[in-house]
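Q: So that we are looking at the same thing, I have put the structure below in structure tokens.
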Amino acid sequence: MKRHLISTADLSRDDALLILDTAEEMAQVSTRAVKKLPTLRGRTVVNLFFEDSTRTRTSFEVAEKRLSADVINFSAKGSSVSKGETLKDTALTLQAMGADAVVIRHGASGAPKRLAESDWLHGSVVNAGDGTHEHPTQALLDAFTMRRHLNPGRGHDLDGRRITIVGDVLHSRVARSNVHLLHTLGAQVTLVAPPTLMPFGVENWPCEISYDLDAALPKSDAVMMLRVQRERMNAAFFPTQREYSRRYGLDAARAGVLPDHAIVMHPGPMVRGMEIASEIADSARSTIVEQVANGVSVRMAVLYLLLGGSEPAIAPTSSVSTVSTVSTASTAGITEEPSK
Amino acid sequence: MTSYLIRNARILGGEPQDLRLKDGVIAEIGTGLAGSGAADETVVEAEGLVLLPGLVDLHTHLREPGREDAETVLTGTKAAAKGGFTAVHAMANTFPVADTAGVVEQVWRLGRESGYCDVQPVGAVTVGLEGKQLAELGAMADSAAAVRVFSDDGKCVDDAVIMRRALEYVKAFGGVIAQHAQEPRLTAGAQMNEGTVSGELGLAGWPAVAEESIIARDVLLAAHVGSRLHVCHVSTAGSVEIIRWAKSKGWDVTAEVTPHHLLLTDELVRSYDPVYKVNPPLRTQADVLALREALADGTIDAVATDHAPHPSEDKDCEWAAAAMGMVGLETALSVVQQTMVDTGLMTWAEVAERMSHRPAAIGGLTGHGRPVSVDEPANLVLVDPAYRGTVNPDAFASRSRNTPYRGRDLPGRVVATFLRGEPTVLGGELV
């Protein structure tokens with residue numbers, strides 16, 4: 001593992017499988033009465049959110065607390081940031097306070113990379129969504145969910161599985177992270193969107209492109225619907241909400257042509273009746289709620305691996321007291337610092 | 001007045017000759033010129049150095065008045081002198097905007113007082129650069145600053161009627177409109193060149209068509225009303241084609257390219273380091289090669305730096321929050337040497353054409369861009385083309401450090417710059 005998680009493009013197949021396999025171990029913890037590991041005891045993790053995202057922030061917070069980290073939620077709204085403090089000064093402040101890891105959500109593409117490559121702070125940086133760039137933990141939880149349904153088992157990848165991602169690809173950090181990761185894991189990805197919502201140069205991405213949802217569905221093992229944000233609706237990307245919904249929404253008729261084993265995914269928050277019909281979102285093949293649960297396991301795995309987990313998260317004896325809390329020989333390449 | 005005897009300089013890259021500078025002009029040129037014996041004559045040994053006419057920049061931002069934290073006329077002209085320039089045009093997007101005779105005269109006066117380089121103010125085309133109402137172009141032309149180049153640079157004069165009227169109006173006093181070609185609707189929120197890289201990075205694109213569509217409109221407008229048009233910082237292969245076509249029609253269109261667009265590409269943006277954020281944005285390698293070819297064949301008339309200093313806090317941040325622009329005065333000649341001379345695309349004589357004669361002619365500067373011959377003003381620069389060095393922004397004379405070349409090896413070095421016979425730079429250092 002690397003020291004930061006900025007982009008899924010930085011993950012090798014081995015890196016990705018290590019995260020997914022570790023997440024399987026973490027998932028076991030969530031089934032216990034006491035859902036807690038001492039792994040990150042004494043480590044400080046800051047959730048630095050420049051954009052409101054209750055879902056993602058809460059998911060990270062649960063993951064951090066299950067690993068016994070000291071959790072600080074730093075919301076940009078109502079803080080010094082809204083008084084004009086820069087990213088640099090916020091980072092210097094967090095560094096001075098001894099943050100071991102910073103989970104950052106930022107509206108500007110590239111802000112997490114800037115943070116990781118600056119000398120403003122020395123802890124690990126986890127990208128929790130940057131602008132229209134990437135959202136790597138979302139892609140990891142999506143892959144985790146797909147693997148459980150389509151090719152279950154540790155060490156397994158998604159070789160040959162056909163994944164269709166539908167919607168506002170242009171503005172979607174989820175789509176970008178998924179394309180990189182799913183390609184690394186051997187899946188065949190098809191992006192479906194109206195041409196106005198395809199990124200420039202998408203033909204060079206490691207995936208197929210289609211404007212026709214109906215053609216893509218019968219051969220999909222998983223279909224992931226992306227939200228279309230309200231502010232796009234008046235910017236000439238498509239004529240009307242209803243036309244978009246007719247051409248690119250997943251309704252019951254379209255879901256009916258999916259293979260029986262196919263799953264329906266959505267990173268949330270969804271607009272029911274727009275990109276996905278309520279009856280499909282709530283159907284047996286929908287993994288939307290399961291994705292949320294898996295998000296906690298995957299984020300636990302990421303934080304565990306970035307912050308020095310070289311040994312199995314859970315010892316074969318299942319005795320939590322043997323879980324490694326410090327490890328200088330970390331594969332994550334972190335120089336261990338004394339607990340503060 | 002001190003005289004200078006420059007020995008064994010390769011004028012425009014030719015065979016070594018000697019020059020005597022006296023009373024602000026070139027007094028003698030020859031081989032084996034003897035020292036005058038006068039106590040006040042200084043000998044400058046120039047063996048191996050190339051002598052060019054003092055460079056002329058059509059496009060700088062000296063930031064004064066208003067943003068003296070980024071640059072002042074004094075620090076900007078020091079940077080210009082170190083880069084081999086003897087005259088620079090200062091763009092109008094200051095605070096207040098240079099849209100009145102008062103502001104352009106202030107900038108002009110500050111340039112005179114600096115003594116390092118002549119400063120020719122550019123006047124705004126429209127009041128406050130708002131693109132709505134013509135500024136008092138005639139008053140700026142008639143002022144002590146004698147403005148001839150007008151530009152809303154930083155913003156495009158996107159209204160076709162305003163652009164047409166401006167092109168027509170300045171004919172009365174031999175002016176030219178220098179257009180920053182950027183269709184605003186196609187570039188709302190734009191962060192970088194629209195291409196494969198922007199798609200991957202999730203940064204809003206600045207498509208080439210936003211530049212090319214304005215240039216196409218403007219060359220047609222200029223032809224229709226019989227006016228002169230100058231196109232600022234051409235950055236795309238498509239723009240080159242349009243300008244080439246316009247020139248083939250005999251229309252009075254000129255164009256400039258920046259050094260950074262001759263060397264750098266949008267691949268650098270993958271770092272998300274805002275030092276590479278500039279407007280127009282860094283384009284692709286195909287664009288870079290087309291621009292070099294166009295500069296070599298004369299389709300693009302001039303190199304202009306678009307020197308755009310910013311204080312460190314405006315670059316030490318996330319990409320979207322960062323200011324656009326790069327400093328360029330102190331590295332321009334080195335970049336041109338690397339991209340155009342060392343590649344064999346241009347001779348030193350052609351460098352003199354594109355960095356001195358043509359920009360001076362476009363800007364209407366009579367005392368600059370003159371031939372290197374006897375009785376001409378002694379505005380000259382000595383360059384050591386064999387020098388190899390690493391760019392160290394901490395040594396810049398500019399007040400700002402936002403160079404994309406930090407740590408990069410570039411060839412060539414300005415050894416001496418003479419402004420009307422007096423050195424502003426000697427031995428590579430400011431005098």
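Each chain of the structure tokens is named A, B, ... in the order shown, its residues numbered from 1; ligands are numbered from 1 in display order.
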Using only C-alpha atoms, select each residue of chain A with any atom at most 8 Å away from an atom of chain B, and give the selection as a PyMOL selection string.

A: chain A and resi 86-88+108-111+113-114+131-134+170-171+173+176+199-202+204

Q: Per DSSP on the backbone, filter region 203-399 of chain B down to the residues in helix (DSSP H, G or I) and report them as an MDAnalysis selection string.

A: chainID B and resid 208:225 237:248 259:263 266:271 274:276 285:297 312:314 319:321 332:341 348:363 393:395

Q: Mind checking which residues fall within 12 Å of Arg230 (chain A), counting only C-alpha atoms, ignoring those fewer than 6 positions away in the same chain, and posting them as a PDB file with C-alpha atoms, in the first residue's frame?

A:
ATOM      1  CA  ASP A 168     -23.673  12.144 -15.624  1.00  0.00           C
ATOM      2  CA  PHE A 237     -27.002  19.117 -21.139  1.00  0.00           C
ATOM      3  CA  PHE A 238     -30.374  17.598 -22.038  1.00  0.00           C
ATOM      4  CA  THR A 240     -35.883  18.161 -20.046  1.00  0.00           C
ATOM      5  CA  GLN A 241     -35.796  16.001 -16.967  1.00  0.00           C
ATOM      6  CA  MET A 270     -30.467   9.089  -5.634  1.00  0.00           C
ATOM      7  CA  VAL A 271     -33.208  11.010  -7.315  1.00  0.00           C
ATOM      8  CA  MET A 274     -35.290  10.561 -12.390  1.00  0.00           C
ATOM      9  CA  GLU A 275     -32.389   8.192 -12.983  1.00  0.00           C
TER      10      GLU A 275
END

Q: Could you check which of A:Leu197, A:Ala33, A:Leu18, A:Ala99 is closest to Val46 (chain A), using only C-alpha atoms?

A: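 Using only C-alpha atoms, Val46 (chain A) sits closest to A:Ala99.
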
Q: Given only C-alpha atoms as the basis, pick out the residue of A:Glu208, A:Glu24, A:Asp100, A:Asp214 nearest to Gly155 (chain A).

A: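 Using only C-alpha atoms, Gly155 (chain A) sits closest to A:Glu24.
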
Q: Would you mind listing what lies within 9 Å of region 25-40 of chain B as a list in words, with only C-alpha atoms counted and same-chain residues fewer than 4 positions away left out?

A: Met1, Thr2, Ser3, Tyr4, Leu5, Arg7, Asn8, Pro16, Gln17, Asp18, Leu19, Arg20, Leu21, Val372, Ser373, Val374, Asp375, Glu376, Pro377, Ala378, Asn379, Arg420 and Gly421 of chain B

Q: Just write the chosen residues, N, CA and C atoms, as an mmCIF file, in the first residue's frame.

A:
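So the final result, stored in selection04.cif, reads:
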data_model
loop_
_atom_site.group_PDB
_atom_site.id
_atom_site.type_symbol
_atom_site.label_atom_id
_atom_site.label_comp_id
_atom_site.auth_asym_id
_atom_site.auth_seq_id
_atom_site.Cartn_x
_atom_site.Cartn_y
_atom_site.Cartn_z
ATOM 1 N N MET B 1 29.347 61.708 -21.211
ATOM 2 C CA MET B 1 28.659 60.421 -21.243
ATOM 3 C C MET B 1 29.664 59.306 -21.513
ATOM 4 N N THR B 2 29.551 58.220 -20.751
ATOM 5 C CA THR B 2 30.461 57.099 -20.912
ATOM 6 C C THR B 2 30.269 56.456 -22.280
ATOM 7 N N SER B 3 31.348 56.012 -22.863
ATOM 8 C CA SER B 3 31.200 55.218 -24.086
ATOM 9 C C SER B 3 31.615 53.783 -23.794
ATOM 10 N N TYR B 4 31.113 52.897 -24.623
ATOM 11 C CA TYR B 4 31.381 51.466 -24.446
ATOM 12 C C TYR B 4 31.935 50.901 -25.735
ATOM 13 N N LEU B 5 32.981 50.134 -25.589
ATOM 14 C CA LEU B 5 33.542 49.413 -26.732
ATOM 15 C C LEU B 5 33.259 47.930 -26.515
ATOM 16 N N ARG B 7 33.679 44.275 -27.784
ATOM 17 C CA ARG B 7 34.636 43.601 -28.669
ATOM 18 C C ARG B 7 34.169 42.189 -29.017
ATOM 19 N N ASN B 8 34.267 41.890 -30.294
ATOM 20 C CA ASN B 8 34.065 40.526 -30.797
ATOM 21 C C ASN B 8 32.668 39.977 -30.531
ATOM 22 N N PRO B 16 32.338 37.770 -35.629
ATOM 23 C CA PRO B 16 32.624 38.729 -34.554
ATOM 24 C C PRO B 16 32.991 40.114 -35.094
ATOM 25 N N GLN B 17 32.420 41.132 -34.454
ATOM 26 C CA GLN B 17 32.735 42.520 -34.803
ATOM 27 C C GLN B 17 32.777 43.349 -33.525
ATOM 28 N N ASP B 18 33.339 44.523 -33.656
ATOM 29 C CA ASP B 18 33.382 45.432 -32.516
ATOM 30 C C ASP B 18 32.356 46.544 -32.726
ATOM 31 N N LEU B 19 31.833 47.065 -31.631
ATOM 32 C CA LEU B 19 30.906 48.207 -31.706
ATOM 33 C C LEU B 19 31.312 49.233 -30.656
ATOM 34 N N ARG B 20 31.224 50.485 -31.024
ATOM 35 C CA ARG B 20 31.407 51.544 -30.039
ATOM 36 C C ARG B 20 30.060 52.242 -29.834
ATOM 37 N N LEU B 21 29.637 52.318 -28.557
ATOM 38 C CA LEU B 21 28.385 52.987 -28.210
ATOM 39 C C LEU B 21 28.742 54.318 -27.578
ATOM 40 N N VAL B 372 20.821 46.958 -36.249
ATOM 41 C CA VAL B 372 22.098 47.151 -35.555
ATOM 42 C C VAL B 372 23.056 47.785 -36.570
ATOM 43 N N SER B 373 23.023 49.114 -36.618
ATOM 44 C CA SER B 373 23.908 49.810 -37.546
ATOM 45 C C SER B 373 24.222 51.205 -36.991
ATOM 46 N N VAL B 374 25.203 51.827 -37.600
ATOM 47 C CA VAL B 374 25.728 53.090 -37.077
ATOM 48 C C VAL B 374 24.637 54.168 -37.069
ATOM 49 N N ASP B 375 24.640 54.949 -36.020
ATOM 50 C CA ASP B 375 23.701 56.053 -35.782
ATOM 51 C C ASP B 375 22.323 55.598 -35.294
ATOM 52 N N GLU B 376 22.151 54.308 -35.158
ATOM 53 C CA GLU B 376 20.895 53.825 -34.594
ATOM 54 C C GLU B 376 20.984 53.861 -33.064
ATOM 55 N N PRO B 377 19.815 53.964 -32.383
ATOM 56 C CA PRO B 377 19.838 53.968 -30.917
ATOM 57 C C PRO B 377 20.525 52.714 -30.383
ATOM 58 N N ALA B 378 21.357 52.897 -29.377
ATOM 59 C CA ALA B 378 22.122 51.762 -28.837
ATOM 60 C C ALA B 378 21.279 50.998 -27.823
ATOM 61 N N ASN B 379 20.187 50.416 -28.316
ATOM 62 C CA ASN B 379 19.374 49.497 -27.528
ATOM 63 C C ASN B 379 19.764 48.088 -27.957
ATOM 64 N N ARG B 420 19.744 52.798 -24.719
ATOM 65 C CA ARG B 420 20.288 54.072 -25.246
ATOM 66 C C ARG B 420 21.741 54.275 -24.822
ATOM 67 N N GLY B 421 22.517 53.210 -24.997
ATOM 68 C CA GLY B 421 23.959 53.316 -24.791
ATOM 69 C C GLY B 421 24.432 53.113 -23.378
#

Q: What's around Arg227 (chain A) at 12 Å? Count only C-alpha atoms, leave out sequence neighbours fewer than 5 positions away in its own chain, and write the answer as an MDAnalysis selection string.

A: chainID A and resid 165:175 193 197 232:233 244:245 248:250 265:276

Q: Print the selection's residues with N, CA and C atoms to a file, as a CSV table (one decimal), in the first residue's frame.

A:
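Result file is selection_14.csv:
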chain,number,residue,atom,x,y,z
A,165,ILE,N,-22.1,1.7,-16.3
A,165,ILE,CA,-22.2,2.9,-15.5
A,165,ILE,C,-23.0,3.9,-16.3
A,166,VAL,N,-24.1,4.4,-15.7
A,166,VAL,CA,-25.1,5.2,-16.5
A,166,VAL,C,-25.3,6.6,-15.8
A,167,GLY,N,-25.2,7.6,-16.6
A,167,GLY,CA,-25.6,8.9,-16.1
A,167,GLY,C,-24.6,10.0,-16.4
A,168,ASP,N,-24.5,11.0,-15.4
A,168,ASP,CA,-23.7,12.1,-15.6
A,168,ASP,C,-22.2,11.8,-15.4
A,169,VAL,N,-21.6,11.1,-16.4
A,169,VAL,CA,-20.2,10.7,-16.2
A,169,VAL,C,-19.3,12.0,-16.2
A,170,LEU,N,-19.7,13.0,-17.0
A,170,LEU,CA,-18.9,14.2,-17.1
A,170,LEU,C,-18.5,14.8,-15.7
A,171,HIS,N,-19.5,14.9,-14.9
A,171,HIS,CA,-19.3,15.5,-13.6
A,171,HIS,C,-19.1,14.5,-12.4
A,172,SER,N,-18.9,13.3,-12.8
A,172,SER,CA,-18.9,12.2,-11.7
A,172,SER,C,-17.5,11.8,-11.3
A,173,ARG,N,-17.2,12.1,-10.1
A,173,ARG,CA,-15.9,11.5,-9.6
A,173,ARG,C,-16.1,10.0,-9.3
A,174,VAL,N,-17.3,9.6,-9.1
A,174,VAL,CA,-17.5,8.1,-8.8
A,174,VAL,C,-17.2,7.3,-10.1
A,175,ALA,N,-17.6,7.9,-11.2
A,175,ALA,CA,-17.4,7.2,-12.5
A,175,ALA,C,-15.9,7.1,-12.8
A,193,ALA,N,-24.2,7.4,-21.4
A,193,ALA,CA,-24.7,8.8,-21.1
A,193,ALA,C,-25.0,9.5,-22.4
A,197,LEU,N,-22.9,14.6,-21.7
A,197,LEU,CA,-22.5,14.3,-20.3
A,197,LEU,C,-21.3,13.3,-20.3
A,232,ARG,N,-27.6,20.7,-13.2
A,232,ARG,CA,-27.3,20.4,-14.6
A,232,ARG,C,-28.6,20.5,-15.5
A,233,MET,N,-29.7,20.5,-14.8
A,233,MET,CA,-30.9,20.4,-15.6
A,233,MET,C,-31.3,21.6,-16.4
A,244,TYR,N,-34.6,13.0,-20.2
A,244,TYR,CA,-33.5,12.3,-19.7
A,244,TYR,C,-34.0,11.0,-19.1
A,245,SER,N,-35.0,11.1,-18.3
A,245,SER,CA,-35.5,9.9,-17.6
A,245,SER,C,-36.0,8.8,-18.6
A,248,TYR,N,-32.5,7.6,-20.3
A,248,TYR,CA,-31.4,7.1,-19.5
A,248,TYR,C,-31.8,6.6,-18.1
A,249,GLY,N,-33.1,6.7,-17.8
A,249,GLY,CA,-33.5,6.2,-16.4
A,249,GLY,C,-33.7,4.7,-16.4
A,250,LEU,N,-33.5,4.1,-15.2
A,250,LEU,CA,-33.7,2.7,-15.1
A,250,LEU,C,-35.1,2.4,-14.5
A,265,MET,N,-27.0,-0.9,-8.8
A,265,MET,CA,-26.2,-0.1,-7.8
A,265,MET,C,-26.5,1.4,-8.0
A,266,HIS,N,-26.2,2.1,-6.9
A,266,HIS,CA,-26.3,3.6,-7.0
A,266,HIS,C,-25.5,4.1,-5.8
A,267,PRO,N,-24.6,5.0,-6.1
A,267,PRO,CA,-23.7,5.6,-5.0
A,267,PRO,C,-24.5,6.5,-4.0
A,268,GLY,N,-25.7,6.9,-4.4
A,268,GLY,CA,-26.4,7.8,-3.6
A,268,GLY,C,-25.8,9.2,-3.5
A,269,PRO,N,-26.6,10.2,-3.1
A,269,PRO,CA,-28.0,10.1,-3.0
A,269,PRO,C,-28.7,10.0,-4.3
A,270,MET,N,-29.8,9.3,-4.3
A,270,MET,CA,-30.5,9.1,-5.6
A,270,MET,C,-31.7,10.0,-5.8
A,271,VAL,N,-32.0,10.2,-7.0
A,271,VAL,CA,-33.2,11.0,-7.3
A,271,VAL,C,-34.2,10.0,-7.9
A,272,ARG,N,-35.1,9.5,-7.0
A,272,ARG,CA,-36.1,8.5,-7.4
A,272,ARG,C,-37.0,9.1,-8.4
A,273,GLY,N,-37.2,8.4,-9.5
A,273,GLY,CA,-38.1,8.8,-10.5
A,273,GLY,C,-37.4,9.6,-11.6
A,274,MET,N,-36.1,9.9,-11.4
A,274,MET,CA,-35.3,10.6,-12.4
A,274,MET,C,-34.4,9.5,-13.0
A,275,GLU,N,-33.3,9.2,-12.4
A,275,GLU,CA,-32.4,8.2,-13.0
A,275,GLU,C,-32.8,6.8,-12.6
A,276,ILE,N,-33.6,6.6,-11.6
A,276,ILE,CA,-34.0,5.3,-11.1
A,276,ILE,C,-35.4,5.3,-10.6

Q: Name the residues in contact with region 6-14 of chain A at a cut-off of 8 Å, using only C-alpha atoms, excluding same-chain residues fewer than 2 positions from it; report them as a compact mmCIF listing (two decimals) with C-alpha atoms, in the first residue's frame.

A:
# COMPACT_ATOMS: atom_id res chain seq x y z
CA HIS A 4 -2.01 8.17 0.55
CA ALA A 16 -6.83 -3.29 -4.69
CA LEU A 17 -7.26 -6.94 -3.72
CA LEU A 18 -5.47 -6.34 -0.42
CA PRO A 112 -6.23 16.06 -1.97
CA LYS A 113 -3.25 15.57 -4.27
CA VAL A 125 -4.28 11.80 2.97
CA VAL A 126 -7.44 9.98 1.97
CA ASN A 127 -9.45 11.46 -0.85
CA GLU A 134 -12.21 11.04 -8.03
CA HIS A 135 -13.85 9.34 -5.10
CA PRO A 136 -11.67 6.27 -4.57
CA ALA A 139 -15.16 2.88 -6.11
CA SER A 177 -12.62 6.19 -9.85
CA ASN A 178 -14.70 3.20 -10.89
CA HIS A 180 -9.74 2.94 -13.18
CA LEU A 181 -10.40 0.41 -10.44
CA THR A 184 -7.49 -2.88 -12.86
CA LEU A 185 -9.65 -5.69 -11.49

Q: If you count only C-alpha atoms, which residues fall within 12 Å of Pro280 (chain B), apart from same-chain ones fewer than 4 positions away, as an mmCIF file with N, CA and C atoms, in the first residue's frame?

A:
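For reference, part_13.cif as written:
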data_model
loop_
_atom_site.group_PDB
_atom_site.id
_atom_site.type_symbol
_atom_site.label_atom_id
_atom_site.label_comp_id
_atom_site.auth_asym_id
_atom_site.auth_seq_id
_atom_site.Cartn_x
_atom_site.Cartn_y
_atom_site.Cartn_z
ATOM 1 N N ASP B 153 -6.972 42.876 -22.359
ATOM 2 C CA ASP B 153 -6.347 41.587 -22.044
ATOM 3 C C ASP B 153 -6.663 41.097 -20.633
ATOM 4 N N GLY B 154 -6.879 39.809 -20.563
ATOM 5 C CA GLY B 154 -7.435 39.198 -19.357
ATOM 6 C C GLY B 154 -8.912 38.928 -19.585
ATOM 7 N N LYS B 155 -9.493 39.809 -20.401
ATOM 8 C CA LYS B 155 -10.866 39.609 -20.843
ATOM 9 C C LYS B 155 -10.918 39.790 -22.352
ATOM 10 N N CYS B 156 -11.866 39.128 -22.938
ATOM 11 C CA CYS B 156 -12.076 39.229 -24.380
ATOM 12 C C CYS B 156 -13.082 40.336 -24.666
ATOM 13 N N HIS B 180 -7.580 39.578 -26.653
ATOM 14 C CA HIS B 180 -7.472 38.348 -25.849
ATOM 15 C C HIS B 180 -8.654 37.481 -26.291
ATOM 16 N N ALA B 181 -8.367 36.497 -27.119
ATOM 17 C CA ALA B 181 -9.431 35.750 -27.787
ATOM 18 C C ALA B 181 -9.937 34.617 -26.900
ATOM 19 N N GLN B 182 -11.087 34.841 -26.312
ATOM 20 C CA GLN B 182 -11.654 33.826 -25.410
ATOM 21 C C GLN B 182 -13.158 34.005 -25.363
ATOM 22 N N GLU B 183 -13.869 33.128 -26.034
ATOM 23 C CA GLU B 183 -15.327 33.193 -26.030
ATOM 24 C C GLU B 183 -15.789 32.884 -24.607
ATOM 25 N N THR B 187 -16.099 29.162 -22.008
ATOM 26 C CA THR B 187 -15.004 29.009 -21.056
ATOM 27 C C THR B 187 -15.423 29.372 -19.635
ATOM 28 N N ALA B 190 -13.615 27.747 -16.719
ATOM 29 C CA ALA B 190 -12.576 26.896 -17.306
ATOM 30 C C ALA B 190 -11.295 26.920 -16.482
ATOM 31 N N GLN B 191 -10.662 25.781 -16.379
ATOM 32 C CA GLN B 191 -9.479 25.622 -15.537
ATOM 33 C C GLN B 191 -8.232 25.233 -16.307
ATOM 34 N N MET B 192 -8.413 24.580 -17.452
ATOM 35 C CA MET B 192 -7.250 24.100 -18.220
ATOM 36 C C MET B 192 -7.711 23.765 -19.626
ATOM 37 N N ASN B 193 -6.775 23.463 -20.504
ATOM 38 C CA ASN B 193 -7.117 23.046 -21.862
ATOM 39 C C ASN B 193 -8.125 21.902 -21.847
ATOM 40 N N GLU B 194 -9.162 22.030 -22.684
ATOM 41 C CA GLU B 194 -10.105 20.919 -22.783
ATOM 42 C C GLU B 194 -9.519 19.854 -23.693
ATOM 43 N N GLY B 205 -12.926 22.341 -18.821
ATOM 44 C CA GLY B 205 -12.084 22.560 -19.995
ATOM 45 C C GLY B 205 -12.226 23.946 -20.605
ATOM 46 N N TRP B 206 -11.135 24.381 -21.198
ATOM 47 C CA TRP B 206 -11.036 25.649 -21.972
ATOM 48 C C TRP B 206 -10.762 25.192 -23.398
ATOM 49 N N PRO B 207 -11.807 25.016 -24.198
ATOM 50 C CA PRO B 207 -11.609 24.396 -25.506
ATOM 51 C C PRO B 207 -10.917 25.322 -26.503
ATOM 52 N N ALA B 208 -10.153 24.732 -27.395
ATOM 53 C CA ALA B 208 -9.463 25.502 -28.431
ATOM 54 C C ALA B 208 -10.453 26.329 -29.241
ATOM 55 N N VAL B 209 -11.637 25.793 -29.444
ATOM 56 C CA VAL B 209 -12.621 26.502 -30.277
ATOM 57 C C VAL B 209 -13.017 27.837 -29.652
ATOM 58 N N ALA B 210 -12.884 27.978 -28.354
ATOM 59 C CA ALA B 210 -13.240 29.251 -27.718
ATOM 60 C C ALA B 210 -12.259 30.348 -28.132
ATOM 61 N N GLU B 211 -11.034 29.974 -28.412
ATOM 62 C CA GLU B 211 -10.046 30.934 -28.926
ATOM 63 C C GLU B 211 -10.224 31.130 -30.432
ATOM 64 N N GLU B 212 -10.354 30.018 -31.121
ATOM 65 C CA GLU B 212 -10.359 30.054 -32.589
ATOM 66 C C GLU B 212 -11.600 30.758 -33.140
ATOM 67 N N CYS B 232 -3.414 38.401 -29.316
ATOM 68 C CA CYS B 232 -2.541 38.094 -28.186
ATOM 69 C C CYS B 232 -2.368 36.578 -28.048
ATOM 70 N N HIS B 233 -1.278 36.210 -27.443
ATOM 71 C CA HIS B 233 -0.993 34.832 -27.000
ATOM 72 C C HIS B 233 -1.764 33.713 -27.708
ATOM 73 N N VAL B 234 -1.464 33.558 -28.986
ATOM 74 C CA VAL B 234 -2.065 32.467 -29.765
ATOM 75 C C VAL B 234 -1.598 31.134 -29.172
ATOM 76 N N SER B 235 -2.541 30.223 -28.954
ATOM 77 C CA SER B 235 -2.141 29.002 -28.241
ATOM 78 C C SER B 235 -2.532 27.704 -28.926
ATOM 79 N N THR B 236 -3.245 27.762 -30.035
ATOM 80 C CA THR B 236 -3.696 26.497 -30.633
ATOM 81 C C THR B 236 -3.299 26.388 -32.106
ATOM 82 N N VAL B 257 3.005 34.886 -29.737
ATOM 83 C CA VAL B 257 2.957 33.629 -28.989
ATOM 84 C C VAL B 257 3.835 33.801 -27.758
ATOM 85 N N THR B 258 3.463 33.140 -26.677
ATOM 86 C CA THR B 258 4.271 33.237 -25.468
ATOM 87 C C THR B 258 5.355 32.167 -25.477
ATOM 88 N N HIS B 260 5.982 30.164 -23.034
ATOM 89 C CA HIS B 260 5.507 28.929 -22.392
ATOM 90 C C HIS B 260 4.659 28.089 -23.321
ATOM 91 N N HIS B 261 3.951 28.732 -24.241
ATOM 92 C CA HIS B 261 3.176 27.926 -25.197
ATOM 93 C C HIS B 261 4.066 27.280 -26.260
ATOM 94 N N THR B 265 3.216 21.744 -22.067
ATOM 95 C CA THR B 265 1.929 21.181 -22.467
ATOM 96 C C THR B 265 1.054 20.903 -21.248
ATOM 97 N N ASP B 266 -0.198 20.572 -21.542
ATOM 98 C CA ASP B 266 -1.174 20.350 -20.471
ATOM 99 C C ASP B 266 -0.883 19.080 -19.666
ATOM 100 N N TYR B 276 1.344 25.919 -13.115
ATOM 101 C CA TYR B 276 1.071 25.655 -14.536
ATOM 102 C C TYR B 276 -0.284 26.190 -14.982
ATOM 103 N N ASP B 306 3.657 37.682 -21.932
ATOM 104 C CA ASP B 306 2.493 37.623 -21.027
ATOM 105 C C ASP B 306 2.958 37.428 -19.573
ATOM 106 N N MET B 324 -4.397 32.777 -12.470
ATOM 107 C CA MET B 324 -3.818 32.342 -13.744
ATOM 108 C C MET B 324 -2.633 33.234 -14.092
ATOM 109 N N GLY B 325 -1.552 32.627 -14.587
ATOM 110 C CA GLY B 325 -0.451 33.429 -15.077
ATOM 111 C C GLY B 325 0.900 32.940 -14.607
ATOM 112 N N MET B 326 1.907 33.321 -15.374
ATOM 113 C CA MET B 326 3.290 32.930 -15.124
ATOM 114 C C MET B 326 4.185 34.144 -15.348
#

Q: Let me make sure I understand: among B:Ala172, B:Val119, B:Val335, B:Ala323, which one has the smallest atom-to-atom distance to Leu365 (chain B) if we use only C-alpha atoms?

A: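 Ranked by minimum distance to Leu365 (chain B), first place goes to B:Val119.
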